[in-house]
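Chemist: Sharing data_23.cif, mmCIF, C-alpha atoms and all ligand atoms:
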```
data_final
#
loop_
_atom_site.label_atom_id
_atom_site.label_comp_id
_atom_site.auth_asym_id
_atom_site.auth_seq_id
_atom_site.Cartn_x
_atom_site.Cartn_y
_atom_site.Cartn_z
CA GLU B 265 6.46 11.25 27.84
CA TYR B 266 5.58 10.49 24.20
CA SER B 267 8.68 10.46 21.99
CA MET B 268 7.82 8.76 18.74
CA LYS B 269 9.72 9.38 15.55
CA ILE B 270 8.57 8.98 11.95
CA LEU B 271 10.84 8.90 8.91
CA LEU B 272 9.38 10.47 5.77
CA LEU B 273 10.71 9.22 2.43
CA PRO B 274 9.09 11.36 -0.29
CA GLY B 275 10.72 9.64 -3.28
CA ASP B 276 9.77 10.52 -6.84
CA GLY B 277 7.01 12.03 -8.98
CA ILE B 278 3.93 12.81 -6.92
CA GLY B 279 5.59 11.25 -3.83
CA PRO B 280 6.94 14.57 -2.52
CA GLU B 281 3.66 16.32 -3.42
CA VAL B 282 1.49 13.98 -1.35
CA LEU B 283 3.98 13.77 1.53
CA ALA B 284 3.92 17.57 1.86
CA GLU B 285 0.25 17.17 2.78
CA VAL B 286 1.05 14.37 5.22
CA ARG B 287 3.50 16.79 6.83
CA ARG B 288 0.73 19.37 7.08
CA VAL B 289 -1.52 16.84 8.82
CA ILE B 290 1.25 15.83 11.26
CA ASP B 291 1.80 19.51 12.06
CA ALA B 292 -1.92 19.92 12.76
CA LEU B 293 -2.01 16.82 14.99
CA ASN B 294 1.10 17.99 16.84
CA ALA B 295 -0.24 21.51 17.34
CA HIS B 296 -3.87 20.75 18.17
CA HIS B 297 -3.98 17.21 19.52
CA GLY B 298 -0.75 16.97 21.50
CA LEU B 299 0.69 14.27 19.25
CA GLY B 300 4.34 15.23 19.75
CA LEU B 301 5.55 13.19 16.78
CA SER B 302 9.01 14.14 15.53
CA VAL B 303 9.77 13.97 11.83
CA GLU B 304 12.91 13.14 9.86
CA ASN B 305 13.34 13.09 6.09
CA GLY B 306 15.34 10.76 3.88
CA ASP B 307 15.93 9.88 0.25
CA ILE B 308 14.64 6.85 -1.61
CA GLY B 309 14.16 5.77 -5.21
CA GLY B 310 15.25 7.88 -8.15
CA ALA B 311 15.84 10.88 -5.89
CA SER B 312 18.32 8.80 -3.92
CA LEU B 313 19.91 7.34 -7.03
CA ASP B 314 20.57 10.84 -8.36
CA ARG B 315 21.99 12.05 -5.04
CA HIS B 316 23.77 9.00 -3.60
CA GLY B 317 24.20 6.66 -6.58
CA THR B 318 21.93 4.03 -5.03
CA PRO B 319 18.11 3.81 -4.66
CA LEU B 320 18.45 3.07 -0.92
CA ALA B 321 21.59 4.23 0.87
CA PRO B 322 22.72 2.20 3.92
CA HIS B 323 22.38 5.24 6.17
CA VAL B 324 18.73 5.62 5.19
CA LEU B 325 18.03 1.98 6.03
CA GLU B 326 19.68 2.65 9.41
CA MET B 327 17.52 5.74 9.92
CA ALA B 328 14.47 3.61 9.10
CA LYS B 329 15.48 0.96 11.65
CA ALA B 330 15.94 3.67 14.28
CA SER B 331 12.46 5.14 13.63
CA ASP B 332 9.14 4.03 15.07
CA ALA B 333 7.51 4.11 11.63
CA VAL B 334 8.43 4.98 8.07
CA LEU B 335 6.13 6.76 5.62
CA MET B 336 6.96 6.65 1.94
CA GLY B 337 5.53 8.59 -1.00
CA ALA B 338 6.30 6.72 -4.21
CA VAL B 339 9.29 5.69 -6.31
CA GLY B 340 10.08 5.32 -9.99
CA GLY B 341 9.61 7.18 -13.22
CA PRO B 342 10.56 7.37 -16.89
CA LYS B 343 13.89 9.04 -16.06
CA TRP B 344 15.24 5.79 -14.59
CA GLN B 345 13.58 3.25 -16.87
CA SER B 346 16.78 2.13 -18.59
CA VAL B 347 18.78 1.76 -15.37
CA SER B 348 19.76 -1.81 -14.42
CA TYR B 349 17.47 -3.62 -11.95
CA GLU B 350 19.78 -3.35 -8.92
CA LEU B 351 19.81 0.43 -9.33
CA ARG B 352 16.15 0.98 -10.22
CA PRO B 353 14.14 3.23 -7.90
CA GLU B 354 11.73 0.32 -7.34
CA GLN B 355 14.64 -1.77 -6.02
CA GLY B 356 15.12 0.80 -3.26
CA LEU B 357 11.59 0.11 -2.06
CA LEU B 358 12.03 -3.67 -2.32
CA ASN B 359 15.30 -3.43 -0.36
CA LEU B 360 13.63 -1.33 2.32
CA ARG B 361 10.78 -3.84 2.72
CA LYS B 362 13.24 -6.73 2.80
CA GLY B 363 15.71 -4.89 5.05
CA LEU B 364 13.02 -4.30 7.66
CA GLY B 365 11.58 -7.81 7.31
CA LEU B 366 8.13 -6.47 6.43
CA TYR B 367 6.42 -9.66 5.30
CA ALA B 368 2.78 -8.61 5.58
CA ASN B 369 1.24 -5.80 3.57
CA LEU B 370 -2.17 -4.67 4.81
CA ARG B 371 -4.18 -2.90 2.11
CA PRO B 372 -7.66 -1.90 3.23
CA ALA B 373 -10.14 -1.11 0.45
CA LEU B 374 -12.89 0.96 2.01
CA CYS B 375 -15.70 2.79 0.30
CA PHE B 376 -16.13 6.25 1.83
CA PRO B 377 -19.87 7.09 1.78
CA ALA B 378 -19.26 10.30 -0.18
CA LEU B 379 -17.49 8.35 -2.91
CA ALA B 380 -20.07 5.61 -3.44
CA ASP B 381 -20.94 7.31 -6.73
CA ALA B 382 -17.32 8.01 -7.66
CA SER B 383 -16.56 4.38 -8.47
CA THR B 384 -16.80 3.16 -12.05
CA LEU B 385 -18.99 0.41 -10.57
CA LYS B 386 -22.60 0.94 -9.51
CA ARG B 387 -23.34 2.22 -6.01
CA ASP B 388 -25.27 -0.95 -5.00
CA VAL B 389 -22.21 -3.07 -5.76
CA ILE B 390 -19.75 -1.11 -3.64
CA ASP B 391 -21.76 0.76 -0.98
CA GLY B 392 -20.31 -0.23 2.41
CA LEU B 393 -17.34 -2.05 0.89
CA ASP B 394 -14.70 -3.04 3.46
CA ILE B 395 -12.05 -5.50 2.28
CA LEU B 396 -8.67 -6.03 3.89
CA PHE B 397 -5.95 -7.43 1.63
CA VAL B 398 -3.11 -9.18 3.40
CA ARG B 399 -0.42 -9.42 0.75
CA GLU B 400 2.82 -11.36 1.30
CA LEU B 401 5.52 -8.76 0.67
CA ILE B 402 9.08 -10.11 0.77
CA GLY B 403 8.86 -13.44 -1.00
CA GLY B 404 7.46 -15.00 -4.15
CA VAL B 405 8.42 -14.15 -7.69
CA TYR B 406 9.67 -10.67 -6.73
CA PHE B 407 12.58 -12.19 -4.83
CA GLY B 408 12.89 -15.80 -6.05
CA GLU B 409 16.19 -17.08 -7.49
CA PRO B 410 17.31 -17.78 -10.12
CA ARG B 411 16.33 -14.75 -12.14
CA GLY B 412 17.80 -13.02 -15.14
CA ILE B 413 17.99 -12.71 -18.90
CA GLU B 414 20.25 -15.18 -20.68
CA THR B 415 21.26 -15.66 -24.28
CA LEU B 416 20.64 -19.16 -25.56
CA PRO B 417 23.04 -21.02 -27.92
CA ASP B 418 20.81 -20.21 -30.89
CA GLY B 419 21.11 -16.50 -30.12
CA THR B 420 17.57 -16.06 -28.81
CA LYS B 421 17.12 -14.69 -25.32
CA ARG B 422 15.29 -16.03 -22.29
CA GLY B 423 14.02 -13.92 -19.38
CA PHE B 424 13.20 -15.86 -16.22
CA ASN B 425 12.04 -15.40 -12.63
CA THR B 426 11.25 -17.89 -9.92
CA GLN B 427 8.05 -18.09 -7.90
CA SER B 428 8.93 -19.66 -4.55
CA TYR B 429 7.40 -19.92 -1.07
CA THR B 430 8.51 -21.86 2.00
CA THR B 431 6.12 -23.05 4.73
CA PRO B 432 7.41 -20.51 7.31
CA GLU B 433 6.96 -17.69 4.78
CA ILE B 434 3.37 -18.74 4.16
CA GLU B 435 2.59 -19.40 7.82
CA ARG B 436 3.69 -16.03 9.17
CA VAL B 437 1.62 -14.01 6.71
CA ALA B 438 -1.36 -16.37 7.06
CA ARG B 439 -1.18 -16.02 10.83
CA MET B 440 -1.37 -12.24 10.42
CA ALA B 441 -4.44 -12.61 8.17
CA PHE B 442 -6.25 -14.94 10.61
CA ASP B 443 -5.44 -12.67 13.57
CA LEU B 444 -6.79 -9.64 11.73
CA ALA B 445 -9.90 -11.54 10.60
CA ARG B 446 -10.72 -12.20 14.26
CA GLN B 447 -10.97 -8.44 14.76
CA ARG B 448 -13.27 -8.12 11.72
CA GLU B 449 -15.96 -10.41 10.30
CA GLY B 450 -13.87 -13.51 10.88
CA ARG B 451 -13.61 -14.63 7.25
CA VAL B 452 -10.40 -15.27 5.28
CA CYS B 453 -10.32 -16.02 1.56
CA SER B 454 -6.92 -17.39 0.54
CA VAL B 455 -6.04 -16.71 -3.10
CA GLU B 456 -3.48 -18.53 -5.29
CA LYS B 457 -3.35 -20.72 -8.37
CA ALA B 458 -2.97 -24.15 -6.78
CA ASN B 459 -4.44 -25.58 -9.98
CA VAL B 460 -1.31 -24.79 -11.99
CA MET B 461 1.51 -23.87 -9.57
CA GLU B 462 3.35 -25.96 -6.97
CA SER B 463 3.98 -22.85 -4.87
CA GLY B 464 0.21 -22.28 -4.94
CA LEU B 465 -0.48 -25.85 -3.87
CA LEU B 466 1.93 -25.56 -0.93
CA TRP B 467 0.29 -22.23 -0.07
CA ARG B 468 -3.16 -23.84 0.05
CA GLU B 469 -1.99 -26.86 2.07
CA THR B 470 -0.06 -24.71 4.54
CA VAL B 471 -2.91 -22.25 5.09
CA THR B 472 -5.38 -25.13 5.52
CA ALA B 473 -3.16 -26.89 8.08
CA LEU B 474 -2.53 -23.71 10.08
CA HIS B 475 -6.24 -22.94 10.06
CA LYS B 476 -7.05 -26.39 11.42
CA ARG B 477 -4.36 -26.17 14.12
CA GLU B 478 -4.86 -22.65 15.42
CA PHE B 479 -7.70 -20.74 13.78
CA SER B 480 -10.68 -23.04 13.35
CA ASP B 481 -12.94 -20.28 14.71
CA VAL B 482 -12.20 -18.25 11.54
CA ALA B 483 -14.09 -19.12 8.32
CA LEU B 484 -11.53 -20.05 5.64
CA SER B 485 -12.22 -20.33 1.92
CA HIS B 486 -9.92 -20.70 -1.08
CA MET B 487 -10.13 -19.10 -4.50
CA TYR B 488 -8.07 -19.09 -7.68
CA ALA B 489 -6.60 -15.69 -8.44
CA ASP B 490 -8.26 -15.31 -11.83
CA ASN B 491 -11.68 -15.99 -10.33
CA CYS B 492 -10.86 -13.57 -7.51
CA ALA B 493 -10.21 -10.79 -10.04
CA MET B 494 -13.64 -11.46 -11.52
CA GLN B 495 -15.40 -11.74 -8.14
CA LEU B 496 -13.89 -8.41 -7.00
CA VAL B 497 -15.70 -6.68 -9.82
CA ARG B 498 -18.87 -8.83 -9.69
CA ASP B 499 -19.59 -8.78 -5.97
CA PRO B 500 -16.74 -7.32 -3.90
CA ARG B 501 -18.68 -7.27 -0.64
CA GLN B 502 -18.48 -11.07 -0.41
CA PHE B 503 -14.91 -10.60 0.88
CA ASP B 504 -13.68 -9.79 4.37
CA VAL B 505 -9.93 -10.58 4.46
CA ILE B 506 -8.15 -11.64 1.26
CA LEU B 507 -4.85 -13.42 1.91
CA THR B 508 -2.58 -13.70 -1.10
CA ASP B 509 0.98 -13.71 -2.41
CA ASN B 510 3.21 -10.83 -3.46
CA LEU B 511 2.35 -10.60 -7.16
CA PHE B 512 -1.36 -11.47 -7.01
CA GLY B 513 -1.72 -9.08 -4.06
CA ASP B 514 -0.13 -6.26 -6.04
CA ILE B 515 -2.49 -6.72 -8.96
CA LEU B 516 -5.72 -7.48 -7.08
CA SER B 517 -5.31 -4.53 -4.71
CA ASP B 518 -4.91 -2.07 -7.61
CA ALA B 519 -8.13 -3.49 -9.06
CA ALA B 520 -9.86 -3.11 -5.69
CA ALA B 521 -8.64 0.48 -5.44
CA MET B 522 -10.90 1.41 -8.29
CA LEU B 523 -13.89 0.05 -6.35
CA THR B 524 -13.25 2.81 -3.81
CA GLY B 525 -13.25 5.56 -6.41
CA SER B 526 -9.54 6.00 -7.12
CA LEU B 527 -6.09 4.51 -6.72
CA GLY B 528 -5.40 7.78 -4.88
CA MET B 529 -7.56 6.59 -1.96
CA LEU B 530 -5.81 3.37 -0.91
CA PRO B 531 -3.30 3.35 1.96
CA SER B 532 -1.17 0.45 3.14
CA ALA B 533 0.88 -0.77 6.06
CA ALA B 534 3.79 -3.17 5.71
CA LEU B 535 4.42 -4.97 8.99
CA GLY B 536 7.07 -7.37 10.24
CA GLU B 537 8.11 -8.77 13.58
CA PRO B 538 6.96 -6.87 16.68
CA GLY B 539 9.43 -4.09 17.46
CA MET B 540 10.31 -3.48 13.82
CA PRO B 541 9.18 -0.16 12.36
CA GLY B 542 6.42 -0.60 9.78
CA LEU B 543 6.43 0.98 6.35
CA TYR B 544 3.32 2.97 5.53
CA GLU B 545 2.67 3.99 1.94
CA PRO B 546 -0.09 4.77 -0.50
CA ILE B 547 -0.46 1.83 -2.89
CA HIS B 548 -0.20 4.09 -5.93
CA GLY B 549 3.03 4.91 -7.73
CA SER B 550 4.79 8.10 -8.72
CA ALA B 551 2.17 8.89 -11.40
CA PRO B 552 4.52 10.44 -13.97
CA ASP B 553 1.53 11.51 -16.07
CA ILE B 554 0.40 14.01 -13.44
CA ALA B 555 3.64 14.67 -11.50
CA GLY B 556 4.45 18.35 -11.10
CA LYS B 557 0.87 19.42 -11.79
CA CYS B 558 -0.11 19.63 -8.10
CA ILE B 559 -3.32 17.68 -8.72
CA ALA B 560 -2.48 14.30 -7.13
CA ASN B 561 -4.87 13.00 -4.49
CA PRO B 562 -3.08 13.03 -1.10
CA CYS B 563 -5.76 10.97 0.70
CA ALA B 564 -4.01 7.61 0.29
CA ALA B 565 -0.85 9.06 1.85
CA ILE B 566 -2.77 10.77 4.67
CA LEU B 567 -4.72 7.56 5.35
CA SER B 568 -1.37 5.72 5.46
CA LEU B 569 -0.34 8.09 8.27
CA ALA B 570 -3.58 7.11 10.02
CA MET B 571 -2.60 3.44 9.73
CA ALA B 572 0.78 4.27 11.31
CA LEU B 573 -0.95 6.10 14.17
CA ARG B 574 -3.15 3.07 14.75
CA HIS B 575 -0.71 0.20 14.28
CA GLN B 576 2.52 1.62 15.55
CA LEU B 577 2.45 5.08 17.04
CA GLY B 578 0.07 4.25 19.88
CA ARG B 579 -2.58 6.78 18.90
CA PRO B 580 -5.59 4.89 17.51
CA ASP B 581 -7.71 7.82 18.67
CA LEU B 582 -5.88 10.15 16.29
CA ALA B 583 -6.05 7.54 13.54
CA ASP B 584 -9.84 7.58 13.89
CA LEU B 585 -9.84 11.37 13.95
CA THR B 586 -7.72 11.60 10.79
CA GLU B 587 -9.90 9.10 8.92
CA LYS B 588 -13.00 11.00 10.03
CA ALA B 589 -11.44 14.25 8.81
CA VAL B 590 -10.85 12.71 5.37
CA SER B 591 -14.41 11.40 5.31
CA HIS B 592 -15.79 14.76 6.41
CA VAL B 593 -13.86 16.69 3.77
CA LEU B 594 -15.15 14.31 1.08
CA ASP B 595 -18.68 14.70 2.49
CA SER B 596 -18.20 18.46 2.18
CA GLY B 597 -17.68 17.99 -1.54
CA TYR B 598 -13.92 18.37 -1.90
CA ARG B 599 -12.64 16.35 -4.87
CA THR B 600 -9.25 16.01 -6.53
CA GLY B 601 -9.37 15.45 -10.27
CA ASP B 602 -9.08 11.66 -10.04
CA LEU B 603 -12.40 11.46 -8.13
CA LEU B 604 -15.61 11.67 -10.09
CA GLY B 605 -17.55 14.76 -9.10
CA GLY B 606 -21.29 14.62 -8.59
CA GLU B 607 -23.50 17.39 -7.31
CA ASP B 608 -22.17 20.21 -5.15
CA THR B 609 -18.58 19.13 -5.43
CA ARG B 610 -15.57 21.37 -5.46
CA LEU B 611 -12.48 20.55 -7.52
CA VAL B 612 -9.25 21.12 -5.57
CA GLY B 613 -5.57 20.33 -6.05
CA THR B 614 -3.25 18.34 -3.81
CA GLU B 615 -2.70 21.26 -1.46
CA GLY B 616 -6.39 22.23 -1.37
CA MET B 617 -7.30 18.72 -0.25
CA GLY B 618 -4.45 18.55 2.29
CA ARG B 619 -5.30 21.94 3.75
CA ALA B 620 -8.99 21.07 4.09
CA ILE B 621 -8.11 17.89 6.01
CA ALA B 622 -5.53 19.66 8.18
CA GLU B 623 -7.99 22.47 8.92
CA ARG B 624 -10.61 19.98 10.01
CA LEU B 625 -8.01 18.59 12.42
CA SER B 626 -7.23 22.07 13.71
CA ALA B 627 -10.82 22.85 14.69
P1 LIG G 701 0.85 4.77 -10.84
O1 LIG G 701 0.17 4.20 -9.64
O2 LIG G 701 1.94 5.70 -10.60
O3 LIG G 701 -0.27 5.51 -11.74
C1 LIG G 701 -1.35 4.82 -12.36
C2 LIG G 701 -2.45 5.83 -12.72
O4 LIG G 701 -3.11 6.28 -11.53
C3 LIG G 701 -1.91 7.08 -13.40
O5 LIG G 701 -2.83 7.51 -14.37
C4 LIG G 701 -1.85 8.10 -12.27
O6 LIG G 701 -1.97 9.43 -12.67
C5 LIG G 701 -3.02 7.68 -11.38
N1 LIG G 701 -2.74 7.98 -9.98
C6 LIG G 701 -1.90 7.30 -9.16
N2 LIG G 701 -1.87 7.86 -7.95
C7 LIG G 701 -2.69 8.93 -7.99
C8 LIG G 701 -3.05 9.93 -7.05
N3 LIG G 701 -2.59 9.93 -5.78
N4 LIG G 701 -3.92 10.89 -7.44
C9 LIG G 701 -4.41 10.89 -8.68
N5 LIG G 701 -4.11 9.98 -9.62
C10 LIG G 701 -3.24 9.01 -9.28
O7 LIG G 701 1.31 3.53 -11.71
P2 LIG G 701 2.25 3.49 -13.04
O8 LIG G 701 1.98 4.67 -13.88
O9 LIG G 701 2.07 2.15 -13.57
O10 LIG G 701 3.73 3.59 -12.47
C11 LIG G 701 4.51 4.77 -12.47
C12 LIG G 701 5.80 4.54 -11.70
O11 LIG G 701 5.50 4.33 -10.33
C13 LIG G 701 6.58 3.32 -12.15
O12 LIG G 701 7.95 3.63 -12.11
C14 LIG G 701 6.24 2.25 -11.11
O13 LIG G 701 7.24 1.29 -10.95
C15 LIG G 701 6.12 3.10 -9.89
N6 LIG G 701 5.28 2.54 -8.84
C16 LIG G 701 5.70 2.78 -7.57
C17 LIG G 701 4.93 2.36 -6.51
C18 LIG G 701 5.39 2.69 -5.14
O14 LIG G 701 6.27 3.51 -4.98
N7 LIG G 701 4.83 2.08 -4.11
C19 LIG G 701 3.70 1.74 -6.74
C20 LIG G 701 3.30 1.53 -8.05
C21 LIG G 701 4.08 1.94 -9.10
C1 LIG G 702 3.41 -1.36 -5.00
C2 LIG G 702 4.31 -1.23 -6.20
C3 LIG G 702 5.61 -1.98 -5.96
C4 LIG G 702 5.28 -3.45 -5.89
C5 LIG G 702 6.74 -1.75 -6.96
C6 LIG G 702 6.99 -0.30 -7.22
C7 LIG G 702 7.98 -2.41 -6.48
O1 LIG G 702 3.65 -1.63 -7.35
O2 LIG G 702 3.83 -1.00 -3.90
O3 LIG G 702 2.27 -1.78 -5.16
O4 LIG G 702 5.11 -4.12 -6.94
O5 LIG G 702 5.19 -3.96 -4.78
MN MN G 703 1.49 -1.97 -7.07
#
```
Mind converting the file's structure to structure tokens?
Modeler:
Amino acid sequence: EYSMKILLLPGDGIGPEVLAEVRRVIDALNAHHGLGLSVENGDIGGASLDRHGTPLAPHVLEMAKASDAVLMGAVGGPKWQSVSYELRPEQGLLNLRKGLGLYANLRPALCFPALADASTLKRDVIDGLDILFVRELIGGVYFGEPRGIETLPDGTKRGFNTQSYTTPEIERVARMAFDLARQREGRVCSVEKANVMESGLLWRETVTALHKREFSDVALSHMYADNCAMQLVRDPRQFDVILTDNLFGDILSDAAAMLTGSLGMLPSAALGEPGMPGLYEPIHGSAPDIAGKCIANPCAAILSLAMALRHQLGRPDLADLTEKAVSHVLDSGYRTGDLLGGEDTRLVGTEGMGRAIAERLSA
């Protein structure tokens, strides 16, 4: 008897808009494909701050721990921009990742055939693109101590953060990248700035040693992060798996999103130790500029559900089906406003896109 449970955390801005379409897809999979997934809802981010006085309430973290998977929309927005860091919506997300021990963030950048002309890059550069980012998620400069803003004796101020990585932190995420590479083309490119940062040097040495000990069948290369940014735009198909730290991974994966046509297309999975629920989320934010207009692209959120079905909910078959439904709907010409049109395309809103995908799954 299948009895999996998913916790939906809509959050802020377009978060609730795209999660409504995820809900529609879950309903279709439950009704027509015998999924039997039960759904709970919880607060996170600014929505939680307004309601509970904190961006992640302890009871929501407990609900997350008791779920099989968590799916989040997005957090943050101008309303909370002057709130102190501990209370920021973004801190709720960081606390959730940390609280669940989700050290590896998988961000696949795939070019759907129908969108090969929707990228701002030429079709021949991105056709068939399939990169998997493995981003370290609960270490590095996001979490390093000390941090703060201090006033110096002369009255000027100093803001500071600490970039820091330990060997176990590097090894566990590198192991994930090597394991995943074995199921793909077997190539890992490890990205840091070992030329200027000690944490980058330790990263390179640790990855190299682990590779030699346990993964010599995988092809390992190293690249500086600035060069990687350039190579992603010059010739992105040279990459199979890109292993990198928290901050570089955040930046490089947003850049890679545009290769696929839109930030609204990229899903992610944050994974920790076996047995821990993963956190699945689109890589985009709350998009305050379009929030409330019902035009956000729900594909990244729906594809994040597919990642949950594959990695955690024991239904890789339905993950494939959901991804195929998204692909089919794009092939049929459906486009949200963030995706460049082309011939015979049909502009739809968030709900129009979600309904088309859900209908395809109801056939
Ligand atoms: P953003 O990702 O929210 O938006 C960047 C641009 O992409 C905007 O023009 C937006 O309209 C567009 N966009 C994003 N998602 C889209 C979608 N699904 N469909 C169509 N267009 C889409 O980044 P930002 O504007 O820098 O940040 C806004 C807020 O979101 C900030 O508070 C930031 O901290 C937060 N944020 C949250 C997450 C998250 O929750 N995981 C991720 C990134 C940013
Ligand atoms: C992301 C976001 C987050 C990050 C923020 C909102 C904390 O940009 O998920 O990519 O930097 O990790
Ligand atoms: Mn980001």
Chemist: Per residue of chain B within 7 Å of ligand MN 703 (chain G), record the nearest atom pair and its distance in Å to one decimal, counting only C-alpha atoms and all ligand atoms, with rows in chain order and ascending residue number, as CSV.
Modeler:
```
residue,atom,partner,partner_atom,distance
B:Asp514,CA,G:MN703,MN,4.7
B:Ile515,CA,G:MN703,MN,6.5
B:Asp518,CA,G:MN703,MN,6.4
B:Ile547,CA,G:MN703,MN,6.0
B:His548,CA,G:MN703,MN,6.4
```
Chemist: Using the selection just defined, write its residues with C-alpha atoms as a PDB file, keeping the file's coordinate frame.
Modeler:
```
ATOM      1  CA  ASP B 514      -0.130  -6.260  -6.040  1.00  0.00           C
ATOM      2  CA  ILE B 515      -2.490  -6.720  -8.960  1.00  0.00           C
ATOM      3  CA  ASP B 518      -4.910  -2.070  -7.610  1.00  0.00           C
ATOM      4  CA  ILE B 547      -0.460   1.830  -2.890  1.00  0.00           C
ATOM      5  CA  HIS B 548      -0.200   4.090  -5.930  1.00  0.00           C
TER       6      HIS B 548
END
```
Chemist: Sort by chain and increasing residue number a table of all residues of chain B within 6 Å of ligand LIG 701 (chain G), each with its closest pair of atoms and their distance in Å to one decimal, counting only C-alpha atoms and all ligand atoms, and write it as a tab-separated table.
Modeler:
```
residue	atom	partner	partner_atom	distance
B:Ala338	CA	G:LIG701	O14	3.3
B:Val339	CA	G:LIG701	O14	4.0
B:Gly340	CA	G:LIG701	O12	3.4
B:Gly341	CA	G:LIG701	O12	4.1
B:Glu354	CA	G:LIG701	O13	5.8
B:Leu527	CA	G:LIG701	N2	5.5
B:Gly528	CA	G:LIG701	N3	3.7
B:Ile547	CA	G:LIG701	N7	5.4
B:His548	CA	G:LIG701	O1	3.7
B:Gly549	CA	G:LIG701	O2	3.2
B:Ser550	CA	G:LIG701	O11	4.2
B:Ala551	CA	G:LIG701	O2	3.3
B:Pro552	CA	G:LIG701	C11	5.9
B:Asp553	CA	G:LIG701	O6	5.3
B:Ile554	CA	G:LIG701	O6	5.2
B:Ala560	CA	G:LIG701	N4	3.7
B:Asn561	CA	G:LIG701	N4	3.7
B:Pro562	CA	G:LIG701	N3	5.6
B:Asp602	CA	G:LIG701	C9	4.9
```
Chemist: List as an MDAnalysis selection string the protein and nucleic acid residues near B:Asp581, meaning an atom at most 12 Å away when all atoms listed in the file are counted, but skip any in the same chain fewer than 3 places from it.
Modeler: chainID B and resid 293 297:299 570:575 577:578 584:588
Chemist: Can you write just those residues out, C-alpha atoms, as a compact mmCIF listing (two decimals), in the coordinates of the input?
Modeler:
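This is the output file out-v9.txt:
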```
# COMPACT_ATOMS: atom_id res chain seq x y z
CA LEU B 293 -2.01 16.82 14.99
CA HIS B 297 -3.98 17.21 19.52
CA GLY B 298 -0.75 16.97 21.50
CA LEU B 299 0.69 14.27 19.25
CA ALA B 570 -3.58 7.11 10.02
CA MET B 571 -2.60 3.44 9.73
CA ALA B 572 0.78 4.27 11.31
CA LEU B 573 -0.95 6.10 14.17
CA ARG B 574 -3.15 3.07 14.75
CA HIS B 575 -0.71 0.20 14.28
CA LEU B 577 2.45 5.08 17.04
CA GLY B 578 0.07 4.25 19.88
CA ASP B 584 -9.84 7.58 13.89
CA LEU B 585 -9.84 11.37 13.95
CA THR B 586 -7.72 11.60 10.79
CA GLU B 587 -9.90 9.10 8.92
CA LYS B 588 -13.00 11.00 10.03
```
Chemist: List the neighbours of B:Gly464 out to 10 Å using only C-alpha atoms; skip same-chain residues closer than 2 positions along the sequence, and give me the result as an MDAnalysis selection string.
Modeler: chainID B and resid 427:429 455:462 466:470 488 508:509
Chemist: With all atoms listed in the file as the counted atoms, please give the residues lying no more than 12 Å from stretch 391-395 of chain B, apart from itself and same-chain residues fewer than 6 positions off, as a PyMOL selection string.
Modeler: chain B and resi 370-383+385+441+444-445+448-453+496-497+499-507+516-517+520-525+530
